[in-house]
>>> print(open('final03.cif').read())   # mmCIF, C-alpha atoms and all ligand atoms
data_entry
#
loop_
_atom_site.label_atom_id
_atom_site.label_comp_id
_atom_site.auth_asym_id
_atom_site.auth_seq_id
_atom_site.Cartn_x
_atom_site.Cartn_y
_atom_site.Cartn_z
CA MET A 1 0.00 0.00 0.00
CA ASP A 2 1.34 3.38 -0.97
CA THR A 3 -0.36 6.50 0.33
CA THR A 4 2.66 8.78 -0.11
CA THR A 5 3.09 8.95 -3.89
CA THR A 6 2.28 12.10 -5.80
CA ASP A 7 0.51 10.09 -8.52
CA THR A 8 -3.12 10.87 -9.11
CA ILE A 9 -5.09 7.65 -8.67
CA THR A 10 -8.24 7.78 -10.80
CA LEU A 11 -11.15 5.39 -11.18
CA VAL A 12 -13.59 5.65 -14.11
CA THR A 13 -16.68 3.48 -13.73
CA GLY A 14 -18.05 1.99 -16.96
CA GLY A 15 -14.66 2.65 -18.50
CA ASN A 16 -14.65 -0.21 -20.96
CA LYS A 17 -16.30 1.76 -23.78
CA GLY A 18 -17.80 5.04 -24.89
CA ILE A 19 -17.18 8.29 -23.04
CA GLY A 20 -15.74 6.50 -20.00
CA HIS A 21 -13.16 4.75 -22.16
CA GLU A 22 -12.12 8.03 -23.78
CA THR A 23 -11.99 9.74 -20.36
CA ALA A 24 -9.68 6.98 -19.11
CA ARG A 25 -7.45 7.34 -22.17
CA ARG A 26 -7.17 11.10 -21.76
CA LEU A 27 -6.56 11.05 -18.02
CA LYS A 28 -3.84 8.46 -18.49
CA GLU A 29 -2.33 10.74 -21.13
CA ALA A 30 -2.51 13.56 -18.57
CA GLY A 31 -0.36 11.47 -16.22
CA HIS A 32 -2.97 9.89 -13.93
CA THR A 33 -2.71 6.32 -12.75
CA VAL A 34 -6.01 5.19 -14.21
CA LEU A 35 -8.20 2.26 -13.26
CA ILE A 36 -11.30 1.44 -15.24
CA GLY A 37 -14.28 -0.21 -13.63
CA ALA A 38 -16.06 -2.77 -15.79
CA ARG A 39 -18.91 -5.14 -15.01
CA ASP A 40 -18.00 -7.65 -17.70
CA PRO A 41 -14.58 -9.26 -17.11
CA ALA A 42 -13.78 -9.97 -20.77
CA ARG A 43 -14.81 -6.49 -21.98
CA GLY A 44 -12.94 -4.95 -19.06
CA ARG A 45 -9.73 -6.90 -19.71
CA ALA A 46 -9.76 -6.06 -23.41
CA ALA A 47 -10.29 -2.35 -22.74
CA ALA A 48 -7.73 -2.14 -19.93
CA ARG A 49 -5.15 -3.93 -22.07
CA GLY A 50 -5.81 -1.63 -25.01
CA LEU A 51 -5.59 1.49 -22.88
CA GLY A 52 -2.66 0.31 -20.77
CA VAL A 53 -4.56 1.04 -17.53
CA GLY A 54 -5.58 -0.95 -14.47
CA LEU A 55 -8.83 -2.88 -14.19
CA VAL A 56 -11.31 -3.19 -11.35
CA ALA A 57 -14.25 -5.58 -11.61
CA LEU A 58 -17.17 -3.32 -10.77
CA ASP A 59 -20.90 -3.69 -11.26
CA VAL A 60 -22.39 -0.53 -9.77
CA THR A 61 -25.71 -2.30 -9.07
CA ASP A 62 -24.06 -4.94 -6.87
CA GLN A 63 -23.04 -3.81 -3.38
CA ALA A 64 -20.66 -6.77 -2.93
CA SER A 65 -18.93 -5.95 -6.23
CA VAL A 66 -18.62 -2.29 -5.23
CA ASP A 67 -17.18 -3.20 -1.81
CA GLU A 68 -14.68 -5.61 -3.39
CA ALA A 69 -13.63 -2.92 -5.86
CA ALA A 70 -12.98 -0.48 -3.02
CA ALA A 71 -11.00 -3.15 -1.15
CA GLN A 72 -8.90 -3.79 -4.26
CA VAL A 73 -8.09 -0.11 -4.76
CA ARG A 74 -7.28 0.24 -1.06
CA ALA A 75 -4.93 -2.75 -1.19
CA GLU A 76 -3.22 -1.64 -4.41
CA HIS A 77 -3.10 2.13 -3.98
CA GLY A 78 -4.14 3.04 -0.43
CA ARG A 79 -6.30 5.93 -1.56
CA LEU A 80 -8.33 7.37 -4.45
CA ASP A 81 -7.86 10.89 -5.80
CA VAL A 82 -10.42 11.08 -8.60
CA LEU A 83 -13.67 9.16 -8.90
CA VAL A 84 -15.54 9.46 -12.20
CA ASN A 85 -19.05 8.05 -11.82
CA ASN A 86 -19.68 7.44 -15.50
CA ALA A 87 -21.48 4.08 -15.73
CA ALA A 88 -25.11 4.37 -16.82
CA VAL A 89 -27.79 2.79 -18.93
CA ASN A 90 -30.51 4.24 -21.13
CA SER A 91 -34.11 3.09 -21.36
CA VAL A 92 -36.62 2.67 -24.16
CA LEU A 93 -38.53 5.60 -25.59
CA ALA A 94 -41.97 5.36 -24.00
CA PRO A 95 -44.32 7.77 -22.27
CA LEU A 96 -44.62 7.45 -18.50
CA GLU A 97 -48.14 6.00 -18.80
CA ARG A 98 -46.60 2.99 -20.50
CA THR A 99 -43.65 2.74 -18.10
CA GLY A 100 -43.69 0.16 -15.33
CA ALA A 101 -42.39 0.88 -11.84
CA GLN A 102 -39.94 -2.01 -12.15
CA ASP A 103 -38.41 -0.44 -15.28
CA VAL A 104 -37.89 2.78 -13.34
CA ALA A 105 -36.37 0.92 -10.38
CA THR A 106 -33.96 -0.94 -12.68
CA LEU A 107 -32.77 2.24 -14.36
CA LEU A 108 -32.37 4.17 -11.11
CA ASP A 109 -30.47 1.23 -9.63
CA THR A 110 -27.66 1.94 -12.10
CA ASN A 111 -27.88 5.66 -12.86
CA LEU A 112 -28.62 6.96 -9.36
CA LEU A 113 -28.12 4.29 -6.70
CA GLY A 114 -25.01 3.05 -8.48
CA VAL A 115 -23.41 6.46 -7.98
CA LEU A 116 -24.45 6.50 -4.31
CA ARG A 117 -23.07 2.98 -3.73
CA VAL A 118 -19.76 3.67 -5.43
CA THR A 119 -19.26 7.12 -3.90
CA ASN A 120 -19.99 5.93 -0.36
CA ALA A 121 -17.79 2.85 -0.70
CA PHE A 122 -14.87 4.93 -1.99
CA LEU A 123 -15.29 7.88 0.39
CA PRO A 124 -12.84 6.50 2.97
CA LEU A 125 -10.24 6.26 0.17
CA LEU A 126 -11.09 9.71 -1.21
CA ARG A 127 -10.67 11.12 2.30
CA ARG A 128 -7.10 9.82 2.25
CA SER A 129 -6.38 12.03 -0.77
CA ALA A 130 -5.12 15.60 -0.43
CA HIS A 131 -6.83 16.54 -3.72
CA ALA A 132 -10.01 14.49 -3.97
CA ARG A 133 -12.46 15.04 -6.82
CA VAL A 134 -15.72 13.32 -7.73
CA VAL A 135 -17.16 13.78 -11.21
CA ASN A 136 -20.70 12.56 -11.77
CA VAL A 137 -21.62 12.15 -15.42
CA SER A 138 -25.11 13.62 -15.68
CA SER A 139 -26.95 15.12 -18.65
CA THR A 140 -28.78 18.24 -19.82
CA VAL A 141 -31.82 16.06 -20.39
CA GLY A 142 -32.19 16.15 -16.60
CA SER A 143 -32.16 19.97 -16.53
CA PHE A 144 -35.45 21.54 -15.41
CA ALA A 145 -34.53 24.83 -17.06
CA LEU A 146 -33.75 23.38 -20.49
CA THR A 147 -36.73 21.07 -20.42
CA LEU A 148 -39.03 24.01 -19.62
CA GLU A 149 -37.39 26.48 -21.97
CA HIS A 150 -37.19 24.39 -25.08
CA GLY A 151 -39.69 21.61 -24.57
CA MET A 152 -37.07 19.65 -26.39
CA PHE A 153 -36.95 16.59 -24.22
CA ASP A 154 -40.38 15.10 -24.88
CA TRP A 155 -40.75 11.35 -24.59
CA GLU A 156 -40.38 10.80 -28.34
CA VAL A 157 -36.85 12.24 -28.04
CA VAL A 158 -35.61 11.31 -24.57
CA PRO A 159 -36.87 8.46 -22.37
CA PRO A 160 -38.54 10.23 -19.42
CA VAL A 161 -37.12 7.80 -16.88
CA TYR A 162 -33.57 8.39 -18.11
CA ALA A 163 -34.15 12.15 -17.76
CA VAL A 164 -35.48 11.66 -14.23
CA SER A 165 -32.42 9.60 -13.32
CA LYS A 166 -30.12 12.41 -14.47
CA THR A 167 -32.15 15.12 -12.68
CA ALA A 168 -31.79 13.09 -9.50
CA LEU A 169 -28.09 12.54 -10.13
CA THR A 170 -27.47 16.26 -10.58
CA MET A 171 -29.19 16.92 -7.24
CA LEU A 172 -27.25 14.06 -5.64
CA THR A 173 -24.09 15.79 -6.84
CA LEU A 174 -25.16 19.06 -5.27
CA LYS A 175 -26.00 17.33 -1.99
CA TYR A 176 -22.66 15.53 -1.84
CA SER A 177 -20.83 18.77 -2.57
CA ARG A 178 -22.47 20.34 0.49
CA GLU A 179 -21.74 17.34 2.69
CA LEU A 180 -18.12 16.95 1.64
CA PRO A 181 -16.39 20.32 1.95
CA GLY A 182 -12.93 18.80 1.50
CA ILE A 183 -13.78 17.18 -1.83
CA LEU A 184 -14.64 18.86 -5.14
CA VAL A 185 -17.87 17.18 -6.30
CA ASN A 186 -19.26 18.29 -9.66
CA ALA A 187 -21.56 17.10 -12.43
CA ALA A 188 -20.59 16.96 -16.10
CA ASP A 189 -22.86 16.92 -19.12
CA PRO A 190 -21.02 15.30 -22.05
CA GLY A 191 -23.43 16.60 -24.71
CA TYR A 192 -25.01 14.43 -27.39
CA THR A 193 -22.20 12.01 -28.16
CA GLU A 194 -21.95 9.10 -30.58
CA THR A 195 -21.95 5.99 -28.36
CA ASP A 196 -23.87 2.75 -27.92
CA LEU A 197 -26.08 4.52 -25.36
CA ASN A 198 -27.92 6.34 -28.17
CA ASP A 199 -27.37 3.76 -30.93
CA ARG A 200 -24.56 5.92 -32.30
CA GLN A 201 -26.97 8.79 -33.09
CA GLY A 202 -25.00 11.40 -31.12
CA THR A 203 -23.37 14.23 -33.01
CA GLN A 204 -20.21 14.70 -30.96
CA THR A 205 -17.10 12.56 -30.83
CA VAL A 206 -16.22 10.79 -27.58
CA THR A 207 -13.31 13.20 -27.22
CA GLU A 208 -15.72 16.14 -27.27
CA GLY A 209 -18.04 14.18 -24.98
CA SER A 210 -15.28 13.69 -22.42
CA ASP A 211 -14.13 17.35 -22.37
CA ALA A 212 -16.22 18.45 -19.37
CA ILE A 213 -15.39 15.28 -17.44
CA VAL A 214 -11.65 15.66 -18.00
CA HIS A 215 -11.90 19.33 -17.01
CA LEU A 216 -13.63 18.49 -13.72
CA ALA A 217 -11.30 15.55 -13.03
CA THR A 218 -8.25 17.80 -13.32
CA LEU A 219 -9.49 20.83 -11.36
CA GLY A 220 -6.93 22.67 -9.27
CA ASP A 221 -7.36 22.90 -5.51
CA ASP A 222 -9.08 26.27 -5.92
CA GLY A 223 -11.62 24.72 -8.32
CA PRO A 224 -15.37 24.85 -7.79
CA THR A 225 -17.60 22.31 -6.13
CA GLY A 226 -21.33 21.75 -6.65
CA THR A 227 -21.35 22.88 -10.28
CA PHE A 228 -22.94 21.41 -13.41
CA VAL A 229 -20.98 22.03 -16.60
CA ASN A 230 -20.65 20.97 -20.21
CA ARG A 231 -17.72 21.60 -22.55
CA ASP A 232 -18.88 25.19 -23.10
CA GLY A 233 -19.45 26.14 -19.45
CA ALA A 234 -22.26 26.13 -16.91
CA VAL A 235 -25.42 24.15 -17.63
CA ALA A 236 -28.73 25.59 -16.45
CA TRP A 237 -30.12 23.59 -13.53
P1 LIG A 301 -22.04 3.63 -23.27
O1 LIG A 301 -21.12 3.67 -24.45
O2 LIG A 301 -23.26 2.79 -23.34
O3 LIG A 301 -21.18 3.25 -21.98
C1 LIG A 301 -21.79 3.02 -20.75
C2 LIG A 301 -20.80 2.31 -19.85
O4 LIG A 301 -21.45 2.07 -18.58
C3 LIG A 301 -20.37 0.95 -20.39
O5 LIG A 301 -19.02 0.73 -20.08
C4 LIG A 301 -21.25 -0.01 -19.61
O6 LIG A 301 -20.71 -1.32 -19.48
C5 LIG A 301 -21.26 0.71 -18.27
N1 LIG A 301 -22.28 0.19 -17.36
C6 LIG A 301 -23.62 0.12 -17.54
N2 LIG A 301 -24.20 -0.46 -16.49
C7 LIG A 301 -23.20 -0.75 -15.60
C8 LIG A 301 -23.16 -1.36 -14.34
N3 LIG A 301 -24.27 -1.82 -13.73
N4 LIG A 301 -21.97 -1.49 -13.70
C9 LIG A 301 -20.84 -1.04 -14.31
N5 LIG A 301 -20.80 -0.49 -15.53
C10 LIG A 301 -21.98 -0.34 -16.17
O7 LIG A 301 -22.58 5.09 -22.92
P2 LIG A 301 -21.89 6.54 -22.91
O8 LIG A 301 -22.65 7.37 -23.86
O9 LIG A 301 -20.42 6.43 -23.03
O10 LIG A 301 -22.30 7.03 -21.45
C11 LIG A 301 -21.36 7.43 -20.48
C12 LIG A 301 -22.05 8.42 -19.56
O11 LIG A 301 -22.40 9.61 -20.28
C13 LIG A 301 -23.37 7.92 -18.97
O12 LIG A 301 -23.47 8.36 -17.63
C14 LIG A 301 -24.42 8.60 -19.83
O13 LIG A 301 -25.66 8.71 -19.18
C15 LIG A 301 -23.75 9.93 -20.04
N6 LIG A 301 -24.24 10.73 -21.15
C16 LIG A 301 -24.11 10.28 -22.42
C17 LIG A 301 -24.56 11.08 -23.47
C18 LIG A 301 -24.43 10.64 -24.90
O14 LIG A 301 -24.94 11.36 -25.78
N7 LIG A 301 -23.76 9.52 -25.18
C19 LIG A 301 -25.14 12.33 -23.20
C20 LIG A 301 -25.27 12.76 -21.89
C21 LIG A 301 -24.81 11.95 -20.87
P3 LIG A 301 -21.09 -2.52 -20.51
O15 LIG A 301 -20.16 -2.40 -21.66
O16 LIG A 301 -20.85 -3.73 -19.66
O17 LIG A 301 -22.53 -2.34 -20.89
#
>>> encode(input="final03.cif", output="structure tokens", more="lines below")
Ligand code: NAP
Amino acid sequence: MDTTTTDTITLVTGGNKGIGHETARRLKEAGHTVLIGARDPARGRAAARGLGVGLVALDVTDQASVDEAAAQVRAEHGRLDVLVNNAAVNSVLAPLERTGAQDVATLLDTNLLGVLRVTNAFLPLLRRSAHARVVNVSSTVGSFALTLEHGMFDWEVVPPVYAVSKTALTMLTLKYSRELPGILVNAADPGYTETDLNDRQGTQTVTEGSDAIVHLATLGDDGPTGTFVNRDGAVAW
């Protein structure tokens, strides 16, 4: 166990593909010691090998898996400096009247409770860092202001339950930022990015989609906490 190095130890959940994979690549390039979390061992190994980063088996919906991941990072690194809560799933396009409660529970289990599980399990390790940051990957589709202003997130465009999960995640971020004054906790909106999450319909590259995450993961000690930003700046709540 080494708690004295000046390395930045960084974990990206759901890092085996998409925006998380690109975030891991860029943070490694920036000099971080990067670990990707992956729920599927084969996909995780392939991605970690390709990126040249460490691998942690991590299913954010499984408390035992989350606890084992935290134990592994503690044993190997002694602390965590940057936690990127990136893992998420989408849901089908359907109005709420045709959405079952179990479908909502399943989605929230990953997109909201997964972040809570992982953050709480890793908090003791983040508290051992002199420069701890948490980046929660949220979305503008969870913004009240943009939904009201533009009416652009109707159910034909964005699954309502996915939007609800991101609204809740943005608030969770704000709440953690108030509870954890020693840690910079912020939410990033990647923007509409070409990944499997949207059947490759997104208009941005994964590099563009990871800009706000990388920015928040590399904040200086005087950086903000409790903010919600995309690659262009603040996102309306
Ligand atoms: P993606 O390509 O589908 O990647 C999602 C990642 O999350 C995958 O690695 C997936 O692993 C992982 N994951 C899902 N459930 C998990 C679980 N239970 N435990 C651990 N890992 C799990 O999607 P993406 O577009 O890169 O999304 C990354 C983040 O950006 C998400 O938070 C998403 O909501 C957010 N976002 C995306 C967009 C966009 O336009 N793409 C816009 C706004 C926000 P598997 O490979 O095992 O499925």
>>> residues_around(input="final03.cif", residues="Ile19 of chain A", least_positions_apart="5", cutoff="9 Å", atoms="all atoms listed in the file", output="list in words")
Gly14, Ala24, Asn86, Pro190, Thr193, Glu194, Thr195, Thr205, Val206, Thr207, Gly209 and Ser210 of chain A
>>> closest_residue(input="final03.cif", among="A:Ala217, A:Leu80, A:Ala187, A:Leu125", to="ligand LIG 301 (chain A)", atoms="all atoms listed in the file")
A:Ala187
>>> axis_aligned_box(input="final03.cif", around="ligand LIG 301 (chain A)", padding_each_side="6 Å", output="JSON")
{"center_x": -22.3, "center_y": 4.5, "center_z": -19.7, "size_x": 18.6, "size_y": 28.5, "size_z": 24.1}
>>> closest_atom_pairs(input="final03.cif", of="chain A", to="ligand LIG 301 (chain A)", cutoff="7 Å", atoms="all atoms listed in the file", output="JSON lines")
{"residue": "A:Thr13", "atom": "CA", "partner": "A:LIG301", "partner_atom": "N5", "distance": 6.0}
{"residue": "A:Gly14", "atom": "CA", "partner": "A:LIG301", "partner_atom": "O5", "distance": 3.5}
{"residue": "A:Gly15", "atom": "CA", "partner": "A:LIG301", "partner_atom": "O5", "distance": 5.0}
{"residue": "A:Asn16", "atom": "CA", "partner": "A:LIG301", "partner_atom": "O5", "distance": 4.6}
{"residue": "A:Lys17", "atom": "CA", "partner": "A:LIG301", "partner_atom": "O5", "distance": 4.7}
{"residue": "A:Gly18", "atom": "CA", "partner": "A:LIG301", "partner_atom": "O9", "distance": 3.5}
{"residue": "A:Ile19", "atom": "CA", "partner": "A:LIG301", "partner_atom": "O9", "distance": 3.7}
{"residue": "A:Gly20", "atom": "CA", "partner": "A:LIG301", "partner_atom": "O9", "distance": 5.6}
{"residue": "A:Gly37", "atom": "CA", "partner": "A:LIG301", "partner_atom": "C9", "distance": 6.6}
{"residue": "A:Ala38", "atom": "CA", "partner": "A:LIG301", "partner_atom": "N5", "distance": 5.3}
{"residue": "A:Arg39", "atom": "CA", "partner": "A:LIG301", "partner_atom": "C9", "distance": 4.6}
{"residue": "A:Asp40", "atom": "CA", "partner": "A:LIG301", "partner_atom": "O16", "distance": 5.2}
{"residue": "A:Arg43", "atom": "CA", "partner": "A:LIG301", "partner_atom": "O15", "distance": 6.7}
{"residue": "A:Leu58", "atom": "CA", "partner": "A:LIG301", "partner_atom": "C9", "distance": 5.6}
{"residue": "A:Asp59", "atom": "CA", "partner": "A:LIG301", "partner_atom": "N4", "distance": 3.5}
{"residue": "A:Val60", "atom": "CA", "partner": "A:LIG301", "partner_atom": "N4", "distance": 4.1}
{"residue": "A:Thr61", "atom": "CA", "partner": "A:LIG301", "partner_atom": "N3", "distance": 4.9}
{"residue": "A:Asn86", "atom": "CA", "partner": "A:LIG301", "partner_atom": "O12", "distance": 4.4}
{"residue": "A:Ala87", "atom": "CA", "partner": "A:LIG301", "partner_atom": "O4", "distance": 3.5}
{"residue": "A:Ala88", "atom": "CA", "partner": "A:LIG301", "partner_atom": "O12", "distance": 4.4}
{"residue": "A:Val89", "atom": "CA", "partner": "A:LIG301", "partner_atom": "C6", "distance": 5.1}
{"residue": "A:Asn90", "atom": "CA", "partner": "A:LIG301", "partner_atom": "O13", "distance": 6.9}
{"residue": "A:Thr110", "atom": "CA", "partner": "A:LIG301", "partner_atom": "N3", "distance": 5.3}
{"residue": "A:Val137", "atom": "CA", "partner": "A:LIG301", "partner_atom": "O12", "distance": 4.8}
{"residue": "A:Ser138", "atom": "CA", "partner": "A:LIG301", "partner_atom": "C21", "distance": 5.5}
{"residue": "A:Ser139", "atom": "CA", "partner": "A:LIG301", "partner_atom": "C20", "distance": 4.3}
{"residue": "A:Thr140", "atom": "CA", "partner": "A:LIG301", "partner_atom": "C20", "distance": 6.8}
{"residue": "A:Asp189", "atom": "CA", "partner": "A:LIG301", "partner_atom": "C20", "distance": 5.5}
{"residue": "A:Pro190", "atom": "CA", "partner": "A:LIG301", "partner_atom": "C20", "distance": 5.0}
{"residue": "A:Gly191", "atom": "CA", "partner": "A:LIG301", "partner_atom": "C19", "distance": 4.8}
{"residue": "A:Tyr192", "atom": "CA", "partner": "A:LIG301", "partner_atom": "O14", "distance": 3.5}
{"residue": "A:Thr193", "atom": "CA", "partner": "A:LIG301", "partner_atom": "O14", "distance": 3.7}
{"residue": "A:Glu194", "atom": "CA", "partner": "A:LIG301", "partner_atom": "N7", "distance": 5.7}
{"residue": "A:Thr195", "atom": "CA", "partner": "A:LIG301", "partner_atom": "O1", "distance": 4.6}
{"residue": "A:Asp196", "atom": "CA", "partner": "A:LIG301", "partner_atom": "O1", "distance": 4.5}
{"residue": "A:Leu197", "atom": "CA", "partner": "A:LIG301", "partner_atom": "O2", "distance": 3.9}
{"residue": "A:Asn198", "atom": "CA", "partner": "A:LIG301", "partner_atom": "N7", "distance": 6.0}
{"residue": "A:Gly202", "atom": "CA", "partner": "A:LIG301", "partner_atom": "O14", "distance": 5.3}
>>> residues_near_point(input="final03.cif", point="(-28.2, 8.4, -11.4)", cutoff="12 Å", atoms="all atoms listed in the file", output="ChimeraX atom specification")
/A:60-61,85-90,104-119,136-139,142,161-173,187
>>> atom_distance(input="final03.cif", atom1="atom CA of Pro41 of chain A", atom2="atom CA of Leu93 of chain A")
29.4 Å
>>> residues_around(input="final03.cif", residues="Arg98 of chain A", least_positions_apart="3", cutoff="12 Å", atoms="only C-alpha atoms", output="PDB file with C-alpha atoms, in the coordinates of the input")
ATOM      1  CA  VAL A  92     -36.620   2.670 -24.160  1.00  0.00           C
ATOM      2  CA  LEU A  93     -38.530   5.600 -25.590  1.00  0.00           C
ATOM      3  CA  ALA A  94     -41.970   5.360 -24.000  1.00  0.00           C
ATOM      4  CA  PRO A  95     -44.320   7.770 -22.270  1.00  0.00           C
ATOM      5  CA  ALA A 101     -42.390   0.880 -11.840  1.00  0.00           C
ATOM      6  CA  GLN A 102     -39.940  -2.010 -12.150  1.00  0.00           C
ATOM      7  CA  ASP A 103     -38.410  -0.440 -15.280  1.00  0.00           C
ATOM      8  CA  VAL A 104     -37.890   2.780 -13.340  1.00  0.00           C
ATOM      9  CA  TRP A 155     -40.750  11.350 -24.590  1.00  0.00           C
ATOM     10  CA  PRO A 159     -36.870   8.460 -22.370  1.00  0.00           C
ATOM     11  CA  PRO A 160     -38.540  10.230 -19.420  1.00  0.00           C
ATOM     12  CA  VAL A 161     -37.120   7.800 -16.880  1.00  0.00           C
TER      13      VAL A 161
END
>>> residues_near_point(input="final03.cif", point="(-24.1, 22.9, -19.1)", cutoff="9 Å", atoms="only C-alpha atoms", output="PyMOL selection string")
chain A and resi 139-140+143+188-191+228-237
>>> closest_residue(input="final03.cif", among="A:Thr218, A:Thr10, A:Thr227, A:Thr203", to="Ile36 of chain A", atoms="all atoms listed in the file")
A:Thr10
>>> closest_atom_pairs(input="final03.cif", of="segment 40-65 of chain A", to="segment 31-35 of chain A", cutoff="9 Å", atoms="all atoms listed in the file", output="Markdown table")
| residue | atom | partner | partner_atom | distance |
| --- | --- | --- | --- | --- |
| A:Ala48 | CA | A:Leu35 | CA | 8.0 |
| A:Gly52 | CA | A:Val34 | CA | 8.8 |
| A:Val53 | CA | A:Val34 | CA | 5.5 |
| A:Gly54 | CA | A:Leu35 | CA | 4.3 |
| A:Leu55 | CA | A:Leu35 | CA | 5.3 |
| A:Val56 | CA | A:Leu35 | CA | 6.6 |
>>> write_last_selection(input="final03.cif", atoms="C-alpha atoms", output="short mmCIF file (atom, residue, chain, number, x, y, z; two decimals), keeping the file's coordinate frame")
data_model
loop_
_atom_site.label_atom_id
_atom_site.label_comp_id
_atom_site.auth_asym_id
_atom_site.auth_seq_id
_atom_site.Cartn_x
_atom_site.Cartn_y
_atom_site.Cartn_z
CA ALA A 48 -7.73 -2.14 -19.93
CA GLY A 52 -2.66 0.31 -20.77
CA VAL A 53 -4.56 1.04 -17.53
CA GLY A 54 -5.58 -0.95 -14.47
CA LEU A 55 -8.83 -2.88 -14.19
CA VAL A 56 -11.31 -3.19 -11.35
#
>>> atom_distance(input="final03.cif", atom1="atom CA of Pro181 of chain A", atom2="atom CA of Ala121 of chain A")
17.7 Å
>>> atom_distance(input="final03.cif", atom1="atom CA of Leu123 of chain A", atom2="atom CA of Asp221 of chain A")
18.0 Å
>>> decode(input="final03.cif", residues="segment 54-101 of chain A", atoms="C-alpha atoms", output="PDB file, in the first residue's frame")
ATOM      1  CA  GLY A  54      -5.578  -0.952 -14.468  1.00  0.00           C
ATOM      2  CA  LEU A  55      -8.834  -2.878 -14.189  1.00  0.00           C
ATOM      3  CA  VAL A  56     -11.306  -3.188 -11.350  1.00  0.00           C
ATOM      4  CA  ALA A  57     -14.248  -5.583 -11.610  1.00  0.00           C
ATOM      5  CA  LEU A  58     -17.166  -3.322 -10.774  1.00  0.00           C
ATOM      6  CA  ASP A  59     -20.902  -3.693 -11.264  1.00  0.00           C
ATOM      7  CA  VAL A  60     -22.390  -0.534  -9.772  1.00  0.00           C
ATOM      8  CA  THR A  61     -25.708  -2.300  -9.072  1.00  0.00           C
ATOM      9  CA  ASP A  62     -24.064  -4.945  -6.873  1.00  0.00           C
ATOM     10  CA  GLN A  63     -23.038  -3.808  -3.383  1.00  0.00           C
ATOM     11  CA  ALA A  64     -20.663  -6.772  -2.933  1.00  0.00           C
ATOM     12  CA  SER A  65     -18.933  -5.954  -6.226  1.00  0.00           C
ATOM     13  CA  VAL A  66     -18.622  -2.288  -5.225  1.00  0.00           C
ATOM     14  CA  ASP A  67     -17.179  -3.198  -1.814  1.00  0.00           C
ATOM     15  CA  GLU A  68     -14.680  -5.613  -3.391  1.00  0.00           C
ATOM     16  CA  ALA A  69     -13.631  -2.922  -5.865  1.00  0.00           C
ATOM     17  CA  ALA A  70     -12.982  -0.478  -3.020  1.00  0.00           C
ATOM     18  CA  ALA A  71     -11.001  -3.152  -1.148  1.00  0.00           C
ATOM     19  CA  GLN A  72      -8.901  -3.791  -4.265  1.00  0.00           C
ATOM     20  CA  VAL A  73      -8.086  -0.111  -4.758  1.00  0.00           C
ATOM     21  CA  ARG A  74      -7.283   0.240  -1.063  1.00  0.00           C
ATOM     22  CA  ALA A  75      -4.928  -2.746  -1.195  1.00  0.00           C
ATOM     23  CA  GLU A  76      -3.217  -1.642  -4.410  1.00  0.00           C
ATOM     24  CA  HIS A  77      -3.099   2.135  -3.981  1.00  0.00           C
ATOM     25  CA  GLY A  78      -4.138   3.039  -0.433  1.00  0.00           C
ATOM     26  CA  ARG A  79      -6.302   5.929  -1.562  1.00  0.00           C
ATOM     27  CA  LEU A  80      -8.328   7.367  -4.452  1.00  0.00           C
ATOM     28  CA  ASP A  81      -7.864  10.891  -5.796  1.00  0.00           C
ATOM     29  CA  VAL A  82     -10.418  11.083  -8.602  1.00  0.00           C
ATOM     30  CA  LEU A  83     -13.671   9.159  -8.903  1.00  0.00           C
ATOM     31  CA  VAL A  84     -15.537   9.464 -12.204  1.00  0.00           C
ATOM     32  CA  ASN A  85     -19.051   8.053 -11.824  1.00  0.00           C
ATOM     33  CA  ASN A  86     -19.681   7.439 -15.503  1.00  0.00           C
ATOM     34  CA  ALA A  87     -21.484   4.084 -15.727  1.00  0.00           C
ATOM     35  CA  ALA A  88     -25.107   4.375 -16.817  1.00  0.00           C
ATOM     36  CA  VAL A  89     -27.792   2.794 -18.933  1.00  0.00           C
ATOM     37  CA  ASN A  90     -30.514   4.243 -21.125  1.00  0.00           C
ATOM     38  CA  SER A  91     -34.112   3.091 -21.358  1.00  0.00           C
ATOM     39  CA  VAL A  92     -36.616   2.672 -24.157  1.00  0.00           C
ATOM     40  CA  LEU A  93     -38.534   5.598 -25.593  1.00  0.00           C
ATOM     41  CA  ALA A  94     -41.970   5.356 -23.999  1.00  0.00           C
ATOM     42  CA  PRO A  95     -44.321   7.768 -22.274  1.00  0.00           C
ATOM     43  CA  LEU A  96     -44.623   7.452 -18.504  1.00  0.00           C
ATOM     44  CA  GLU A  97     -48.135   6.004 -18.803  1.00  0.00           C
ATOM     45  CA  ARG A  98     -46.601   2.990 -20.495  1.00  0.00           C
ATOM     46  CA  THR A  99     -43.653   2.741 -18.098  1.00  0.00           C
ATOM     47  CA  GLY A 100     -43.691   0.162 -15.332  1.00  0.00           C
ATOM     48  CA  ALA A 101     -42.391   0.880 -11.841  1.00  0.00           C
TER      49      ALA A 101
END
